[in-house]
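Data from query-v6.json: JSON, C-alpha atoms and all ligand atoms
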[["chain", "number", "residue", "atom", "x", "y", "z"],
["X", 1, "MET", "CA", 149.42, 44.63, 62.40],
["X", 2, "GLU", "CA", 147.22, 41.63, 61.69],
["X", 3, "GLN", "CA", 144.29, 40.20, 63.64],
["X", 4, "THR", "CA", 143.16, 36.64, 64.20],
["X", 5, "LEU", "CA", 140.51, 34.80, 66.20],
["X", 6, "THR", "CA", 141.12, 32.10, 68.76],
["X", 7, "ILE", "CA", 138.78, 29.90, 70.78],
["X", 8, "ILE", "CA", 139.88, 28.23, 73.98],
["X", 9, "LYS", "CA", 137.93, 25.01, 73.54],
["X", 10, "PRO", "CA", 135.70, 23.22, 76.11],
["X", 11, "ASP", "CA", 138.36, 20.65, 77.09],
["X", 12, "SER", "CA", 140.77, 23.46, 78.05],
["X", 13, "MET", "CA", 138.09, 25.24, 80.03],
["X", 14, "ALA", "CA", 137.05, 22.09, 81.91],
["X", 15, "ALA", "CA", 140.68, 21.26, 82.71],
["X", 16, "GLY", "CA", 141.36, 24.76, 84.07],
["X", 17, "ASN", "CA", 143.87, 25.61, 81.34],
["X", 18, "ALA", "CA", 142.30, 28.81, 79.99],
["X", 19, "GLY", "CA", 144.52, 31.16, 82.01],
["X", 20, "LYS", "CA", 147.68, 29.28, 81.05],
["X", 21, "ILE", "CA", 146.73, 29.37, 77.37],
["X", 22, "LEU", "CA", 145.98, 33.12, 77.47],
["X", 23, "ALA", "CA", 149.33, 33.69, 79.24],
["X", 24, "HIS", "CA", 151.06, 31.57, 76.56],
["X", 25, "LEU", "CA", 149.50, 33.72, 73.84],
["X", 26, "GLU", "CA", 150.53, 36.97, 75.57],
["X", 27, "GLN", "CA", 154.06, 35.59, 75.93],
["X", 28, "GLU", "CA", 154.05, 35.07, 72.16],
["X", 29, "GLY", "CA", 153.35, 38.76, 71.63],
["X", 30, "PHE", "CA", 149.61, 38.62, 70.98],
["X", 31, "GLN", "CA", 147.56, 41.49, 72.30],
["X", 32, "ILE", "CA", 144.08, 40.55, 73.47],
["X", 33, "LEU", "CA", 141.75, 43.03, 71.72],
["X", 34, "ALA", "CA", 138.46, 41.48, 72.84],
["X", 35, "LEU", "CA", 137.51, 38.52, 75.02],
["X", 36, "ARG", "CA", 134.23, 36.69, 75.49],
["X", 37, "ARG", "CA", 133.15, 33.62, 77.46],
["X", 38, "ILE", "CA", 130.23, 31.90, 75.77],
["X", 39, "HIS", "CA", 128.51, 28.53, 75.97],
["X", 40, "LEU", "CA", 127.83, 27.85, 72.28],
["X", 41, "SER", "CA", 124.40, 26.57, 71.31],
["X", 42, "GLU", "CA", 124.19, 23.71, 68.85],
["X", 43, "ALA", "CA", 123.13, 26.13, 66.12],
["X", 44, "GLN", "CA", 126.06, 28.43, 66.87],
["X", 45, "ALA", "CA", 128.60, 25.57, 66.81],
["X", 46, "ARG", "CA", 127.12, 24.19, 63.57],
["X", 47, "SER", "CA", 127.31, 27.60, 61.99],
["X", 48, "PHE", "CA", 130.87, 28.32, 63.15],
["X", 49, "TYR", "CA", 132.17, 25.01, 61.77],
["X", 50, "GLU", "CA", 129.85, 24.93, 58.73],
["X", 51, "VAL", "CA", 132.84, 24.50, 56.44],
["X", 52, "HIS", "CA", 133.21, 20.99, 57.92],
["X", 53, "LYS", "CA", 129.56, 19.97, 57.59],
["X", 54, "GLU", "CA", 130.27, 17.17, 55.09],
["X", 55, "ARG", "CA", 133.09, 15.70, 57.20],
["X", 56, "PRO", "CA", 132.46, 12.49, 59.17],
["X", 57, "PHE", "CA", 133.55, 14.16, 62.42],
["X", 58, "TYR", "CA", 131.15, 17.14, 62.13],
["X", 59, "ASP", "CA", 128.43, 15.95, 64.56],
["X", 60, "ASP", "CA", 131.03, 14.91, 67.16],
["X", 61, "LEU", "CA", 132.79, 18.25, 66.72],
["X", 62, "VAL", "CA", 129.52, 20.12, 67.35],
["X", 63, "ALA", "CA", 128.80, 18.01, 70.45],
["X", 64, "TYR", "CA", 132.32, 18.68, 71.78],
["X", 65, "MET", "CA", 132.19, 22.42, 71.12],
["X", 66, "THR", "CA", 128.87, 22.73, 72.96],
["X", 67, "GLU", "CA", 129.67, 20.56, 76.01],
["X", 68, "ALA", "CA", 131.03, 23.46, 78.10],
["X", 69, "PRO", "CA", 131.68, 27.18, 77.71],
["X", 70, "VAL", "CA", 134.54, 28.47, 75.55],
["X", 71, "ILE", "CA", 136.52, 31.70, 75.51],
["X", 72, "ALA", "CA", 136.71, 33.48, 72.16],
["X", 73, "ALA", "CA", 139.37, 36.15, 71.76],
["X", 74, "ALA", "CA", 140.33, 38.58, 69.04],
["X", 75, "LEU", "CA", 144.13, 38.77, 68.93],
["X", 76, "GLU", "CA", 146.55, 41.19, 67.30],
["X", 77, "ARG", "CA", 150.20, 40.72, 66.35],
["X", 78, "GLU", "CA", 152.42, 40.96, 63.31],
["X", 79, "ASP", "CA", 151.71, 37.93, 61.11],
["X", 80, "ALA", "CA", 149.00, 36.96, 63.62],
["X", 81, "VAL", "CA", 147.24, 34.25, 61.61],
["X", 82, "ALA", "CA", 150.33, 32.25, 60.69],
["X", 83, "HIS", "CA", 151.98, 32.81, 64.06],
["X", 84, "LEU", "CA", 148.94, 31.58, 65.98],
["X", 85, "ARG", "CA", 148.85, 28.44, 63.83],
["X", 86, "ARG", "CA", 152.55, 27.83, 64.67],
["X", 87, "VAL", "CA", 152.00, 28.41, 68.38],
["X", 88, "MET", "CA", 148.92, 26.09, 68.38],
["X", 89, "GLY", "CA", 150.69, 23.19, 66.66],
["X", 90, "ALA", "CA", 149.24, 20.49, 64.41],
["X", 91, "THR", "CA", 145.54, 19.54, 64.61],
["X", 92, "ASN", "CA", 146.48, 16.17, 66.12],
["X", 93, "PRO", "CA", 148.30, 16.84, 69.43],
["X", 94, "GLU", "CA", 150.36, 13.67, 68.87],
["X", 95, "GLU", "CA", 151.84, 15.34, 65.79],
["X", 96, "ALA", "CA", 152.14, 18.80, 67.33],
["X", 97, "ALA", "CA", 155.66, 20.11, 67.93],
["X", 98, "ALA", "CA", 156.89, 20.09, 71.52],
["X", 99, "GLY", "CA", 155.96, 23.22, 73.43],
["X", 100, "THR", "CA", 152.98, 24.09, 71.24],
["X", 101, "ILE", "CA", 149.61, 24.65, 72.91],
["X", 102, "ARG", "CA", 148.12, 21.49, 71.42],
["X", 103, "ALA", "CA", 151.15, 19.41, 72.48],
["X", 104, "LEU", "CA", 150.87, 20.82, 76.00],
["X", 105, "TYR", "CA", 147.10, 20.73, 76.49],
["X", 106, "GLY", "CA", 145.41, 18.73, 73.70],
["X", 107, "THR", "CA", 144.39, 15.13, 74.31],
["X", 108, "SER", "CA", 143.13, 13.90, 70.90],
["X", 109, "ILE", "CA", 142.70, 15.00, 67.29],
["X", 110, "GLU", "CA", 139.23, 16.23, 68.30],
["X", 111, "ARG", "CA", 139.92, 17.51, 71.81],
["X", 112, "ASN", "CA", 142.83, 19.69, 70.80],
["X", 113, "ALA", "CA", 142.57, 22.60, 73.24],
["X", 114, "ILE", "CA", 142.38, 25.61, 70.90],
["X", 115, "HIS", "CA", 141.06, 26.94, 67.61],
["X", 116, "GLY", "CA", 142.83, 29.43, 65.37],
["X", 117, "SER", "CA", 141.68, 31.05, 62.13],
["X", 118, "ASP", "CA", 143.38, 29.58, 59.06],
["X", 119, "SER", "CA", 143.54, 32.73, 56.89],
["X", 120, "PRO", "CA", 143.17, 36.51, 57.30],
["X", 121, "GLU", "CA", 139.84, 36.28, 55.41],
["X", 122, "ASN", "CA", 138.48, 33.66, 57.80],
["X", 123, "ALA", "CA", 139.89, 35.59, 60.77],
["X", 124, "ALA", "CA", 137.69, 38.54, 59.78],
["X", 125, "ILE", "CA", 134.62, 36.32, 59.31],
["X", 126, "GLU", "CA", 135.21, 34.48, 62.61],
["X", 127, "THR", "CA", 135.87, 37.71, 64.54],
["X", 128, "ASP", "CA", 132.56, 39.07, 63.22],
["X", 129, "PHE", "CA", 130.89, 35.90, 64.49],
["X", 130, "PHE", "CA", 131.80, 36.64, 68.12],
["X", 131, "PHE", "CA", 132.36, 40.41, 68.32],
["X", 132, "SER", "CA", 130.76, 43.59, 67.11],
["X", 133, "ARG", "CA", 132.67, 46.40, 65.42],
["X", 134, "ALA", "CA", 132.33, 48.47, 68.59],
["X", 135, "ASP", "CA", 134.27, 45.83, 70.59],
["X", 136, "LEU", "CA", 137.29, 46.21, 68.34],
["X", 137, "LEU", "CA", 137.64, 49.97, 68.05],
["X", 138, "PRO", "CA", 140.92, 51.37, 69.40],
["X", 139, "SER", "CA", 140.62, 52.61, 72.97],
["O", 1, "LIG", "P1", 140.59, 24.56, 64.19],
["O", 1, "LIG", "O1", 139.77, 24.91, 62.97],
["O", 1, "LIG", "O2", 139.72, 24.15, 65.37],
["O", 1, "LIG", "O3", 141.57, 25.61, 64.55],
["O", 1, "LIG", "P2", 142.34, 22.96, 62.59],
["O", 1, "LIG", "O4", 142.24, 24.08, 61.61],
["O", 1, "LIG", "O5", 143.69, 22.54, 63.05],
["O", 1, "LIG", "O6", 141.46, 23.26, 63.88],
["O", 1, "LIG", "P3", 140.32, 21.57, 61.07],
["O", 1, "LIG", "O7", 140.66, 20.63, 59.96],
["O", 1, "LIG", "O8", 139.80, 22.92, 60.72],
["O", 1, "LIG", "O9", 141.61, 21.67, 62.02],
["O", 1, "LIG", "O10", 139.28, 20.83, 62.01],
["O", 1, "LIG", "C1", 138.46, 21.55, 62.92],
["O", 1, "LIG", "C2", 138.37, 20.79, 64.21],
["O", 1, "LIG", "O11", 137.66, 19.56, 63.98],
["O", 1, "LIG", "C3", 139.72, 20.32, 64.79],
["O", 1, "LIG", "O12", 140.39, 21.31, 65.52],
["O", 1, "LIG", "C4", 139.29, 19.17, 65.66],
["O", 1, "LIG", "O13", 138.70, 19.62, 66.89],
["O", 1, "LIG", "C5", 138.20, 18.53, 64.80],
["O", 1, "LIG", "N1", 138.75, 17.49, 63.91],
["O", 1, "LIG", "C6", 139.52, 17.68, 62.81],
["O", 1, "LIG", "N2", 139.85, 16.52, 62.22],
["O", 1, "LIG", "C7", 139.26, 15.55, 62.97],
["O", 1, "LIG", "C8", 139.22, 14.12, 62.91],
["O", 1, "LIG", "N3", 139.82, 13.45, 61.93],
["O", 1, "LIG", "N4", 138.52, 13.47, 63.86],
["O", 1, "LIG", "C9", 137.86, 14.12, 64.85],
["O", 1, "LIG", "N5", 137.87, 15.48, 64.98],
["O", 1, "LIG", "C10", 138.56, 16.18, 64.06],
["O", 2, "MG", "MG", 140.39, 24.91, 61.00]]
Write out the structure in this file as structure tokens.
Ligand code: ATP
Ligand code: MG
Amino acid sequence: MEQTLTIIKPDSMAAGNAGKILAHLEQEGFQILALRRIHLSEAQARSFYEVHKERPFYDDLVAYMTEAPVIAAALEREDAVAHLRRVMGATNPEEAAAGTIRALYGTSIERNAIHGSDSPENAAIETDFFFSRADLLPS
């Protein structure tokens, strides 16, 4: 079994889509191992997306990610990282395949509803960002 990290982004929260997105993920066979609602501070958002700090959209991305609370979740499934990326769809909702979460709920290349880790290594780093080891121990 593999783990990955998702964030239900502020646009989804404000639009009341968090429950639908979690249900969509469960339907796709993901188990929710840990769940946390958090309103990211600017420092937290900057740190989480530090990899993008040289990109022109970085400041806008930080403003967007801090405008409302998010839900972070640690997910488990076979092939979790790649499967979540498939289920999310392309970064730009206009290019996302029909039925994907970004096609259903995203409204722009920035406001694209959901985050998903892009590799097992980053999934571990991003899960550590939101959750402690104790949150992820088997029950
Ligand atoms: P995420 O990391 O959030 O799962 P992603 O891996 O599909 O998304 P990245 O290239 O990592 O895409 O970009 C991170 C986030 O930055 C995007 O999800 C989006 O919110 C924002 N973003 C990416 N490209 C642009 C752009 N050209 N203009 C504005 N915002 C962008
Ligand atoms: Mg990314």
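Of the listed residues X:Gln27, X:Thr6, X:Thr100, X:Ser132, the one whose atoms come nearest to ligand MG 2 (chain O) is X:Thr6, with distances taken using all atoms listed in the file.
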### Query
Which is closer to ligand MG 2 (chain O) than all the others in X:Asp128, X:Glu78, X:Glu26, X:Glu50, using all atoms listed in the file?
X:Glu50
### Query
Can you tell me how far atom CA of Ala98 of chain X sits from atom CA of Ala82 of chain X, in Å to one decimal?
17.6 Å
### Message
Restricting the calculation to only C-alpha atoms: of X:Ala34, X:Leu22, X:Leu61, X:Met88, which residue gets closest to Phe48 of chain X?
### Response
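Comparing X:Ala34, X:Leu22, X:Leu61, X:Met88 against Phe48 of chain X, the winner is X:Leu61.
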Using all atoms listed in the file, tabulate the residues of chain X lying at most 10 Å from any atom of ligand LIG 1 (chain O), each with its closest atom pair and that distance in Å to one decimal, by chain and increasing residue number, as JSON lines.
{"residue": "X:Leu5", "atom": "CA", "partner": "O:LIG1", "partner_atom": "O3", "distance": 9.4}
{"residue": "X:Thr6", "atom": "CA", "partner": "O:LIG1", "partner_atom": "O3", "distance": 7.7}
{"residue": "X:Ile7", "atom": "CA", "partner": "O:LIG1", "partner_atom": "O2", "distance": 8.0}
{"residue": "X:Ile8", "atom": "CA", "partner": "O:LIG1", "partner_atom": "O2", "distance": 9.5}
{"residue": "X:Lys9", "atom": "CA", "partner": "O:LIG1", "partner_atom": "O2", "distance": 8.4}
{"residue": "X:Phe48", "atom": "CA", "partner": "O:LIG1", "partner_atom": "O1", "distance": 9.5}
{"residue": "X:Tyr49", "atom": "CA", "partner": "O:LIG1", "partner_atom": "C1", "distance": 7.3}
{"residue": "X:Val51", "atom": "CA", "partner": "O:LIG1", "partner_atom": "O8", "distance": 8.3}
{"residue": "X:His52", "atom": "CA", "partner": "O:LIG1", "partner_atom": "C1", "distance": 7.3}
{"residue": "X:Arg55", "atom": "CA", "partner": "O:LIG1", "partner_atom": "C7", "distance": 8.4}
{"residue": "X:Pro56", "atom": "CA", "partner": "O:LIG1", "partner_atom": "N4", "distance": 7.7}
{"residue": "X:Phe57", "atom": "CA", "partner": "O:LIG1", "partner_atom": "C9", "distance": 4.9}
{"residue": "X:Tyr58", "atom": "CA", "partner": "O:LIG1", "partner_atom": "O11", "distance": 7.2}
{"residue": "X:Asp59", "atom": "CA", "partner": "O:LIG1", "partner_atom": "N5", "distance": 9.5}
{"residue": "X:Asp60", "atom": "CA", "partner": "O:LIG1", "partner_atom": "N5", "distance": 7.2}
{"residue": "X:Leu61", "atom": "CA", "partner": "O:LIG1", "partner_atom": "O11", "distance": 5.7}
{"residue": "X:Val62", "atom": "CA", "partner": "O:LIG1", "partner_atom": "O11", "distance": 8.8}
{"residue": "X:Tyr64", "atom": "CA", "partner": "O:LIG1", "partner_atom": "O13", "distance": 8.1}
{"residue": "X:Met65", "atom": "CA", "partner": "O:LIG1", "partner_atom": "O13", "distance": 8.3}
{"residue": "X:Leu84", "atom": "CA", "partner": "O:LIG1", "partner_atom": "O3", "distance": 9.6}
{"residue": "X:Arg85", "atom": "CA", "partner": "O:LIG1", "partner_atom": "O3", "distance": 7.8}
{"residue": "X:Met88", "atom": "CA", "partner": "O:LIG1", "partner_atom": "O5", "distance": 8.3}
{"residue": "X:Gly89", "atom": "CA", "partner": "O:LIG1", "partner_atom": "O5", "distance": 7.9}
{"residue": "X:Ala90", "atom": "CA", "partner": "O:LIG1", "partner_atom": "O5", "distance": 6.1}
{"residue": "X:Thr91", "atom": "CA", "partner": "O:LIG1", "partner_atom": "O5", "distance": 3.9}
{"residue": "X:Asn92", "atom": "CA", "partner": "O:LIG1", "partner_atom": "O5", "distance": 7.6}
{"residue": "X:Pro93", "atom": "CA", "partner": "O:LIG1", "partner_atom": "O5", "distance": 9.7}
{"residue": "X:Arg102", "atom": "CA", "partner": "O:LIG1", "partner_atom": "O5", "distance": 9.5}
{"residue": "X:Gly106", "atom": "CA", "partner": "O:LIG1", "partner_atom": "O13", "distance": 9.6}
{"residue": "X:Ser108", "atom": "CA", "partner": "O:LIG1", "partner_atom": "C9", "distance": 8.0}
{"residue": "X:Ile109", "atom": "CA", "partner": "O:LIG1", "partner_atom": "N5", "distance": 5.4}
{"residue": "X:Glu110", "atom": "CA", "partner": "O:LIG1", "partner_atom": "N5", "distance": 3.7}
{"residue": "X:Arg111", "atom": "CA", "partner": "O:LIG1", "partner_atom": "O13", "distance": 5.5}
{"residue": "X:Asn112", "atom": "CA", "partner": "O:LIG1", "partner_atom": "O13", "distance": 5.7}
{"residue": "X:Ala113", "atom": "CA", "partner": "O:LIG1", "partner_atom": "O13", "distance": 8.0}
{"residue": "X:Ile114", "atom": "CA", "partner": "O:LIG1", "partner_atom": "O2", "distance": 6.3}
{"residue": "X:His115", "atom": "CA", "partner": "O:LIG1", "partner_atom": "O3", "distance": 3.4}
{"residue": "X:Gly116", "atom": "CA", "partner": "O:LIG1", "partner_atom": "O3", "distance": 4.1}
{"residue": "X:Ser117", "atom": "CA", "partner": "O:LIG1", "partner_atom": "O3", "distance": 6.0}
{"residue": "X:Asp118", "atom": "CA", "partner": "O:LIG1", "partner_atom": "O4", "distance": 6.2}
{"residue": "X:Ser119", "atom": "CA", "partner": "O:LIG1", "partner_atom": "O4", "distance": 9.9}
### Query
By how many Å are atom CA of Ala63 of chain X and atom CA of Ile101 of chain X apart?
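One can read the atom CA of Ala63 of chain X to atom CA of Ile101 of chain X distance as 22.0 Å.
Proximity to Gly29 of chain X was assessed for X:Glu67, X:Glu95, X:Glu42, X:Glu76 counting only C-alpha atoms; the smallest distance is recorded for X:Glu76.
Considering only C-alpha atoms, the residue among X:Glu94, X:Ala74, X:Glu121, X:Leu137 positioned nearest to Arg36 of chain X is X:Ala74.
Across the model, the gap from atom CA of Thr66 of chain X to atom CA of Lys53 of chain X is 15.6 Å.
Of the residues under consideration (X:Val70, X:Ile21, X:Val81, X:Ala103), X:Val81 shows the shortest atom-to-atom contact distance to ligand MG 2 (chain O) when counting all atoms listed in the file.
Protein and nucleic acid residues near (133.1, 39.3, 71.7) are Leu33, Ala34, Leu35, Arg36, Arg37, Ile38, Ile71, Ala72, Ala73, Ala74, Thr127, Asp128, Phe129, Phe130, Phe131, Ser132, Arg133, Ala134, Asp135 and Leu136 of chain X, the criterion being any atom at most 10 Å away using only C-alpha atoms.
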